[in-house]
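Below is the file upload-v6.cif, which contains mmCIF, N, CA and C atoms.
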```cif
data_entry
loop_
_atom_site.label_atom_id
_atom_site.label_comp_id
_atom_site.auth_asym_id
_atom_site.auth_seq_id
_atom_site.Cartn_x
_atom_site.Cartn_y
_atom_site.Cartn_z
N MET U 1 -7.69 -54.59 -16.17
CA MET U 1 -6.62 -54.02 -16.93
C MET U 1 -6.92 -52.55 -17.19
N TYR U 2 -5.86 -51.74 -17.16
CA TYR U 2 -6.03 -50.31 -17.39
C TYR U 2 -5.99 -50.01 -18.88
N THR U 3 -6.81 -49.07 -19.24
CA THR U 3 -6.84 -48.67 -20.65
C THR U 3 -5.99 -47.43 -20.84
N PHE U 4 -5.72 -47.11 -22.06
CA PHE U 4 -4.92 -45.94 -22.41
C PHE U 4 -5.59 -44.67 -21.90
N THR U 5 -6.89 -44.58 -21.95
CA THR U 5 -7.63 -43.40 -21.52
C THR U 5 -7.50 -43.18 -20.02
N SER U 6 -7.58 -44.25 -19.23
CA SER U 6 -7.47 -44.09 -17.78
C SER U 6 -6.05 -43.68 -17.38
N TRP U 7 -5.03 -44.16 -18.06
CA TRP U 7 -3.64 -43.73 -17.78
C TRP U 7 -3.45 -42.27 -18.13
N ARG U 8 -4.01 -41.87 -19.24
CA ARG U 8 -3.90 -40.48 -19.66
C ARG U 8 -4.61 -39.57 -18.66
N THR U 9 -5.75 -39.99 -18.15
CA THR U 9 -6.48 -39.22 -17.15
C THR U 9 -5.68 -39.13 -15.85
N LEU U 10 -5.08 -40.24 -15.44
CA LEU U 10 -4.28 -40.28 -14.21
C LEU U 10 -3.07 -39.37 -14.33
N VAL U 11 -2.35 -39.43 -15.42
CA VAL U 11 -1.17 -38.58 -15.62
C VAL U 11 -1.58 -37.11 -15.67
N SER U 12 -2.67 -36.82 -16.35
CA SER U 12 -3.16 -35.45 -16.43
C SER U 12 -3.53 -34.92 -15.04
N ALA U 13 -4.17 -35.73 -14.23
CA ALA U 13 -4.55 -35.33 -12.87
C ALA U 13 -3.31 -35.08 -12.02
N LEU U 14 -2.31 -35.94 -12.12
CA LEU U 14 -1.09 -35.77 -11.34
C LEU U 14 -0.33 -34.51 -11.75
N LEU U 15 -0.25 -34.24 -13.02
CA LEU U 15 0.41 -33.02 -13.49
C LEU U 15 -0.33 -31.78 -13.03
N SER U 16 -1.64 -31.81 -13.06
CA SER U 16 -2.44 -30.67 -12.58
C SER U 16 -2.21 -30.45 -11.10
N LEU U 17 -2.16 -31.51 -10.33
CA LEU U 17 -1.92 -31.42 -8.89
C LEU U 17 -0.54 -30.85 -8.61
N ALA U 18 0.46 -31.30 -9.36
CA ALA U 18 1.82 -30.79 -9.18
C ALA U 18 1.88 -29.31 -9.50
N PHE U 19 1.22 -28.89 -10.57
CA PHE U 19 1.20 -27.48 -10.94
C PHE U 19 0.53 -26.63 -9.87
N LEU U 20 -0.61 -27.09 -9.37
CA LEU U 20 -1.33 -26.32 -8.34
C LEU U 20 -0.57 -26.25 -7.04
N SER U 21 0.14 -27.31 -6.68
CA SER U 21 0.90 -27.28 -5.43
C SER U 21 2.08 -26.33 -5.53
N ALA U 22 2.61 -26.13 -6.73
CA ALA U 22 3.72 -25.19 -6.91
C ALA U 22 3.24 -23.75 -6.78
N CYS U 23 1.96 -23.51 -6.95
CA CYS U 23 1.40 -22.16 -6.84
C CYS U 23 0.93 -21.83 -5.44
N TRP U 24 1.05 -22.74 -4.51
CA TRP U 24 0.56 -22.53 -3.15
C TRP U 24 1.39 -21.44 -2.47
N PRO U 25 0.76 -20.41 -1.85
CA PRO U 25 1.52 -19.33 -1.21
C PRO U 25 2.14 -19.79 0.11
N TYR U 26 3.33 -19.33 0.35
CA TYR U 26 4.03 -19.66 1.59
C TYR U 26 4.22 -18.38 2.39
N GLY U 27 4.10 -18.46 3.71
CA GLY U 27 4.29 -17.31 4.57
C GLY U 27 5.72 -17.25 5.07
N GLY U 28 6.05 -16.19 5.78
CA GLY U 28 7.39 -16.09 6.35
C GLY U 28 7.78 -14.64 6.54
N SER U 29 8.97 -14.44 7.08
CA SER U 29 9.46 -13.10 7.31
C SER U 29 10.17 -12.60 6.06
N VAL U 30 10.39 -11.31 6.04
CA VAL U 30 11.01 -10.68 4.88
C VAL U 30 12.37 -10.15 5.29
N ALA U 31 13.37 -10.46 4.53
CA ALA U 31 14.70 -9.91 4.77
C ALA U 31 14.97 -8.84 3.73
N VAL U 32 15.42 -7.71 4.19
CA VAL U 32 15.79 -6.63 3.29
C VAL U 32 17.30 -6.68 3.18
N ASN U 33 17.80 -7.23 2.11
CA ASN U 33 19.23 -7.44 1.96
C ASN U 33 19.92 -6.19 1.44
N VAL U 34 20.17 -5.28 2.35
CA VAL U 34 20.88 -4.06 2.03
C VAL U 34 22.15 -4.06 2.85
N PRO U 35 23.29 -3.75 2.26
CA PRO U 35 24.53 -3.74 3.02
C PRO U 35 24.43 -2.80 4.20
N ALA U 36 24.99 -3.20 5.33
CA ALA U 36 24.91 -2.39 6.54
C ALA U 36 25.89 -1.23 6.49
N ASP U 37 26.87 -1.29 5.58
CA ASP U 37 27.78 -0.16 5.51
C ASP U 37 26.99 1.05 5.02
N ASP U 38 27.57 2.20 5.13
CA ASP U 38 26.85 3.44 4.86
C ASP U 38 26.69 3.74 3.38
N ARG U 39 26.92 2.77 2.52
CA ARG U 39 26.80 2.99 1.08
C ARG U 39 25.60 2.24 0.53
N ALA U 40 24.44 2.46 1.10
CA ALA U 40 23.22 1.78 0.63
C ALA U 40 22.93 2.20 -0.79
N PRO U 41 22.46 1.28 -1.62
CA PRO U 41 22.19 1.62 -3.01
C PRO U 41 21.10 2.67 -3.14
N ALA U 42 21.16 3.43 -4.20
CA ALA U 42 20.15 4.46 -4.44
C ALA U 42 18.79 3.80 -4.64
N GLN U 43 17.77 4.47 -4.16
CA GLN U 43 16.43 3.92 -4.28
C GLN U 43 15.97 3.96 -5.73
N VAL U 44 15.29 2.93 -6.12
CA VAL U 44 14.71 2.87 -7.45
C VAL U 44 13.21 3.00 -7.28
N ARG U 45 12.67 4.05 -7.80
CA ARG U 45 11.24 4.28 -7.69
C ARG U 45 10.59 3.95 -9.02
N GLN U 46 9.46 3.26 -8.93
CA GLN U 46 8.74 2.91 -10.14
C GLN U 46 7.51 3.80 -10.23
N GLY U 47 7.40 4.50 -11.32
CA GLY U 47 6.27 5.40 -11.49
C GLY U 47 6.46 6.68 -10.71
N GLY U 48 5.75 7.69 -11.07
CA GLY U 48 5.84 8.96 -10.37
C GLY U 48 7.10 9.72 -10.72
N PRO U 49 7.27 10.89 -10.10
CA PRO U 49 8.43 11.71 -10.40
C PRO U 49 9.70 11.12 -9.78
N PRO U 50 10.87 11.53 -10.26
CA PRO U 50 12.11 11.06 -9.65
C PRO U 50 12.25 11.63 -8.25
N PRO U 51 13.12 11.06 -7.41
CA PRO U 51 13.24 11.51 -6.02
C PRO U 51 13.55 13.00 -5.86
N HIS U 52 14.26 13.61 -6.81
CA HIS U 52 14.64 15.02 -6.66
C HIS U 52 13.53 15.99 -7.09
N ALA U 53 12.45 15.49 -7.69
CA ALA U 53 11.37 16.36 -8.16
C ALA U 53 10.07 16.03 -7.43
N PRO U 54 9.61 16.93 -6.54
CA PRO U 54 8.36 16.65 -5.83
C PRO U 54 7.17 16.63 -6.77
N ALA U 55 6.18 15.84 -6.42
CA ALA U 55 4.95 15.74 -7.22
C ALA U 55 4.06 16.91 -6.87
N HIS U 56 4.13 17.96 -7.66
CA HIS U 56 3.31 19.15 -7.46
C HIS U 56 3.46 19.70 -6.04
N GLY U 57 4.67 19.70 -5.53
CA GLY U 57 4.94 20.27 -4.22
C GLY U 57 4.64 19.36 -3.05
N TYR U 58 4.14 18.17 -3.29
CA TYR U 58 3.80 17.27 -2.18
C TYR U 58 4.65 16.00 -2.27
N ARG U 59 5.14 15.58 -1.15
CA ARG U 59 5.87 14.33 -1.07
C ARG U 59 5.43 13.65 0.23
N ARG U 60 5.11 12.38 0.13
CA ARG U 60 4.62 11.65 1.29
C ARG U 60 5.70 11.58 2.37
N LYS U 61 5.27 11.75 3.61
CA LYS U 61 6.18 11.67 4.75
C LYS U 61 5.93 10.36 5.49
N TYR U 62 7.00 9.75 5.92
CA TYR U 62 6.93 8.54 6.73
C TYR U 62 7.45 8.90 8.12
N SER U 63 6.73 8.47 9.13
CA SER U 63 7.14 8.73 10.51
C SER U 63 7.69 7.46 11.12
N TYR U 64 8.85 7.59 11.74
CA TYR U 64 9.51 6.45 12.37
C TYR U 64 9.86 6.79 13.81
N ARG U 65 9.93 5.78 14.61
CA ARG U 65 10.48 5.89 15.94
C ARG U 65 11.82 5.17 15.87
N TYR U 66 12.91 5.92 16.09
CA TYR U 66 14.26 5.36 16.00
C TYR U 66 14.80 5.14 17.40
N TYR U 67 15.33 3.95 17.65
CA TYR U 67 15.91 3.58 18.93
C TYR U 67 17.43 3.53 18.77
N PRO U 68 18.13 4.62 19.15
CA PRO U 68 19.58 4.70 18.92
C PRO U 68 20.39 3.62 19.64
N ASP U 69 19.97 3.20 20.83
CA ASP U 69 20.75 2.22 21.58
C ASP U 69 20.78 0.86 20.91
N SER U 70 19.78 0.54 20.09
CA SER U 70 19.72 -0.77 19.45
C SER U 70 19.68 -0.69 17.92
N HIS U 71 19.73 0.53 17.36
CA HIS U 71 19.70 0.75 15.90
C HIS U 71 18.47 0.09 15.28
N VAL U 72 17.29 0.40 15.84
CA VAL U 72 16.03 -0.16 15.36
C VAL U 72 15.11 0.99 14.97
N TYR U 73 14.42 0.83 13.85
CA TYR U 73 13.39 1.77 13.41
C TYR U 73 12.04 1.08 13.53
N PHE U 74 11.00 1.85 13.92
CA PHE U 74 9.65 1.32 13.96
C PHE U 74 8.73 2.26 13.20
N ASP U 75 8.00 1.72 12.25
CA ASP U 75 7.02 2.47 11.48
C ASP U 75 5.64 2.07 12.01
N ALA U 76 5.04 2.92 12.84
CA ALA U 76 3.75 2.61 13.46
C ALA U 76 2.64 2.55 12.42
N GLY U 77 2.72 3.36 11.37
CA GLY U 77 1.69 3.37 10.34
C GLY U 77 1.57 2.03 9.62
N ARG U 78 2.69 1.37 9.39
CA ARG U 78 2.68 0.08 8.71
C ARG U 78 2.90 -1.08 9.67
N GLY U 79 3.22 -0.78 10.93
CA GLY U 79 3.45 -1.82 11.92
C GLY U 79 4.69 -2.65 11.62
N LEU U 80 5.76 -1.99 11.15
CA LEU U 80 6.97 -2.70 10.76
C LEU U 80 8.19 -2.23 11.54
N TYR U 81 9.04 -3.17 11.87
CA TYR U 81 10.33 -2.88 12.47
C TYR U 81 11.42 -3.08 11.42
N PHE U 82 12.44 -2.23 11.45
CA PHE U 82 13.61 -2.38 10.61
C PHE U 82 14.79 -2.48 11.58
N TYR U 83 15.57 -3.54 11.49
CA TYR U 83 16.67 -3.71 12.43
C TYR U 83 17.87 -4.33 11.73
N LEU U 84 19.04 -4.02 12.29
CA LEU U 84 20.30 -4.49 11.73
C LEU U 84 20.61 -5.86 12.31
N SER U 85 20.74 -6.84 11.42
CA SER U 85 21.06 -8.21 11.82
C SER U 85 22.35 -8.61 11.11
N GLY U 86 23.45 -8.60 11.85
CA GLY U 86 24.74 -8.88 11.23
C GLY U 86 25.10 -7.73 10.32
N SER U 87 25.22 -8.01 9.04
CA SER U 87 25.59 -6.97 8.08
C SER U 87 24.43 -6.61 7.16
N GLU U 88 23.21 -7.05 7.49
CA GLU U 88 22.05 -6.78 6.65
C GLU U 88 20.91 -6.18 7.46
N TRP U 89 20.11 -5.37 6.80
CA TRP U 89 18.90 -4.84 7.42
C TRP U 89 17.76 -5.81 7.19
N ARG U 90 16.96 -6.01 8.22
CA ARG U 90 15.80 -6.90 8.12
C ARG U 90 14.55 -6.10 8.46
N MET U 91 13.43 -6.56 7.91
CA MET U 91 12.14 -5.93 8.13
C MET U 91 11.20 -7.00 8.66
N SER U 92 10.46 -6.69 9.75
CA SER U 92 9.59 -7.69 10.34
C SER U 92 8.45 -7.00 11.10
N ALA U 93 7.37 -7.73 11.29
CA ALA U 93 6.25 -7.22 12.07
C ALA U 93 6.52 -7.32 13.57
N SER U 94 7.51 -8.11 13.95
CA SER U 94 7.89 -8.21 15.36
C SER U 94 9.41 -8.28 15.46
N LEU U 95 9.90 -7.92 16.63
CA LEU U 95 11.34 -7.92 16.84
C LEU U 95 11.80 -9.20 17.50
N PRO U 96 13.00 -9.65 17.20
CA PRO U 96 13.57 -10.77 17.95
C PRO U 96 13.74 -10.36 19.41
N TYR U 97 13.75 -11.33 20.30
CA TYR U 97 13.80 -11.08 21.74
C TYR U 97 14.99 -10.21 22.14
N GLU U 98 16.16 -10.47 21.57
CA GLU U 98 17.35 -9.72 21.98
C GLU U 98 17.24 -8.22 21.71
N PHE U 99 16.42 -7.81 20.75
CA PHE U 99 16.20 -6.39 20.50
C PHE U 99 15.17 -5.80 21.46
N LYS U 100 14.15 -6.58 21.79
CA LYS U 100 13.11 -6.09 22.69
C LYS U 100 13.68 -5.75 24.06
N VAL U 101 14.65 -6.51 24.50
CA VAL U 101 15.23 -6.32 25.83
C VAL U 101 16.01 -5.02 25.91
N ARG U 102 16.67 -4.61 24.82
CA ARG U 102 17.56 -3.46 24.88
C ARG U 102 17.16 -2.30 23.95
N LEU U 103 15.87 -2.06 23.77
CA LEU U 103 15.45 -0.99 22.87
C LEU U 103 15.92 0.39 23.35
N GLY U 104 15.73 0.71 24.62
CA GLY U 104 16.14 2.02 25.13
C GLY U 104 15.17 3.11 24.74
N HIS U 105 15.65 4.36 24.83
CA HIS U 105 14.80 5.51 24.51
C HIS U 105 14.64 5.62 23.00
N SER U 106 13.67 6.45 22.57
CA SER U 106 13.42 6.60 21.15
C SER U 106 13.41 8.06 20.74
N VAL U 107 13.59 8.28 19.45
CA VAL U 107 13.55 9.60 18.85
C VAL U 107 12.58 9.51 17.66
N ASP U 108 11.70 10.50 17.52
CA ASP U 108 10.78 10.52 16.38
C ASP U 108 11.46 11.15 15.18
N ILE U 109 11.37 10.46 14.04
CA ILE U 109 12.00 10.92 12.80
C ILE U 109 10.95 10.91 11.70
N GLU U 110 10.96 11.95 10.88
CA GLU U 110 10.06 12.01 9.71
C GLU U 110 10.93 12.05 8.47
N MET U 111 10.60 11.18 7.51
CA MET U 111 11.40 11.07 6.29
C MET U 111 10.49 10.96 5.08
N GLU U 112 11.08 11.14 3.91
CA GLU U 112 10.35 10.96 2.66
C GLU U 112 10.54 9.56 2.09
N SER U 113 11.28 8.73 2.79
CA SER U 113 11.59 7.39 2.30
C SER U 113 10.84 6.32 3.08
N ASP U 114 10.45 5.25 2.39
CA ASP U 114 9.84 4.13 3.07
C ASP U 114 10.89 3.13 3.54
N ARG U 115 12.15 3.51 3.42
CA ARG U 115 13.28 2.68 3.86
C ARG U 115 14.17 3.52 4.77
N PRO U 116 13.90 3.52 6.06
CA PRO U 116 14.61 4.43 6.96
C PRO U 116 16.11 4.15 7.06
N TYR U 117 16.52 2.94 6.80
CA TYR U 117 17.93 2.58 6.94
C TYR U 117 18.81 3.24 5.89
N THR U 118 18.22 3.86 4.86
CA THR U 118 19.04 4.53 3.87
C THR U 118 19.73 5.76 4.44
N ASP U 119 19.19 6.34 5.53
CA ASP U 119 19.81 7.47 6.21
C ASP U 119 20.40 7.07 7.55
N PHE U 120 20.72 5.80 7.72
CA PHE U 120 21.22 5.30 8.99
C PHE U 120 22.48 6.03 9.44
N ALA U 121 23.39 6.31 8.52
CA ALA U 121 24.65 6.96 8.89
C ALA U 121 24.40 8.33 9.54
N SER U 122 23.49 9.11 8.96
CA SER U 122 23.21 10.43 9.55
C SER U 122 22.46 10.29 10.88
N HIS U 123 21.55 9.34 10.98
CA HIS U 123 20.83 9.13 12.24
C HIS U 123 21.78 8.66 13.33
N LYS U 124 22.70 7.79 12.96
CA LYS U 124 23.66 7.25 13.93
C LYS U 124 24.55 8.35 14.49
N SER U 125 24.95 9.30 13.63
CA SER U 125 25.80 10.39 14.12
C SER U 125 25.00 11.46 14.86
N LYS U 126 23.77 11.70 14.42
CA LYS U 126 22.94 12.72 15.06
C LYS U 126 22.39 12.27 16.41
N TYR U 127 22.08 10.97 16.52
CA TYR U 127 21.54 10.41 17.76
C TYR U 127 22.42 9.24 18.22
N PRO U 128 23.58 9.54 18.80
CA PRO U 128 24.47 8.44 19.22
C PRO U 128 23.86 7.64 20.38
N PRO U 129 24.18 6.35 20.46
CA PRO U 129 23.68 5.53 21.56
C PRO U 129 24.09 6.12 22.91
N GLY U 130 23.19 6.07 23.88
CA GLY U 130 23.46 6.56 25.23
C GLY U 130 23.37 8.06 25.38
N GLN U 131 22.96 8.79 24.36
CA GLN U 131 22.89 10.26 24.41
C GLN U 131 21.92 10.75 25.47
N LYS U 132 20.79 10.11 25.60
CA LYS U 132 19.78 10.54 26.57
C LYS U 132 20.29 10.35 28.00
N LYS U 133 21.03 9.30 28.25
CA LYS U 133 21.59 9.05 29.58
C LYS U 133 22.56 10.17 29.97
N LYS U 134 23.37 10.62 29.00
CA LYS U 134 24.33 11.70 29.27
C LYS U 134 23.62 12.98 29.62
N LYS U 135 22.51 13.30 28.93
CA LYS U 135 21.77 14.52 29.21
C LYS U 135 21.18 14.53 30.62
N LYS U 136 20.77 13.37 31.11
CA LYS U 136 20.17 13.29 32.45
C LYS U 136 21.21 13.54 33.53
N ASN U 137 22.48 13.19 33.28
CA ASN U 137 23.53 13.35 34.28
C ASN U 137 23.99 14.80 34.41
N LYS U 138 23.66 15.67 33.47
CA LYS U 138 24.13 17.07 33.53
C LYS U 138 23.34 17.88 34.51
#
```
Same coordinates, now as structure tokens:
Amino acid sequence: MYTFTSWRTLVSALLSLAFLSACWPYGGSVAVNVPADDRAPAQVRQGGPPPHAPAHGYRRKYSYRYYPDSHVYFDAGRGLYFYLSGSEWRMSASLPYEFKVRLGHSVDIEMESDRPYTDFASHKSKYPPGQKKKKKNK
């Protein structure tokens, strides 16, 4: 026969196990849910000066490789791709197959933002898809 103490120990052990299993880390890809239209929300920076005020004249630069034909950004320093999937921007360490096949030529871009898609509208107009092909035909 079970005693009150053994039931209490069993229930306590089960609750502890349930709590610990809820804390288990899960892996996966990261989706950056930013609208694909050209009205991306303003960046919210935590700590440091506001975006319009440089920190003693220095502001970190991020270098990206932009692929105009597929609207993909690659940050070699962090090893991250940013790509448009439907109406949202996604961030991943690798690209889906359909993007790898049609990357095309690239353009090097330097920005002060760690989110290159915030200037997508200007990049899209400055580097239209197929621009490099047109230059070769001249």
Checklist entry - Hey, which of U:Ser63, U:Arg8, U:Ser16, U:Lys126 ends up closest to Asp108 in chain U? Count only N, CA and C atoms. => result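 Nearest to Asp108 in chain U: U:Ser63.
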Next on the checklist: Neighbouring residues of Gly104 in chain U were defined as those with any atom within 8 Å, considering all atoms listed in the file; residues of the same chain fewer than 4 positions away were excluded. Please report them as a list in words.
Outcome noted: Tyr66, Tyr67, Pro68, Asp69, Ser70, Phe99 and Lys100 of chain U
Next on the checklist: Can you measure atom N of Glu112 in chain U to atom N of Tyr62 in chain U for me? One decimal in Å is fine.
Outcome noted: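 Interatomic distance here is 4.8 Å.
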Next on the checklist: For a test of reading the model, state the distance in Å between CA of Leu95 in chain U and CA of Tyr81 in chain U, rounded to one decimal.
Outcome noted: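 Calculated distance between CA of Leu95 in chain U and CA of Tyr81 in chain U is 6.7 Å.
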Checklist entry - Rounded to one decimal in Å, what is the spacing between CA of Val107 in chain U and CA of Ser85 in chain U? => result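 Rounded to one decimal, the two atoms are 20.6 Å apart.
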Next on the checklist: Please list as a PyMOL selection string every residue within 8 Å of Ser94 in chain U, counting all atoms listed in the file and excluding residues in the same chain fewer than 2 positions away.
Outcome noted: chain U and resi 79-82+91-92+96-97
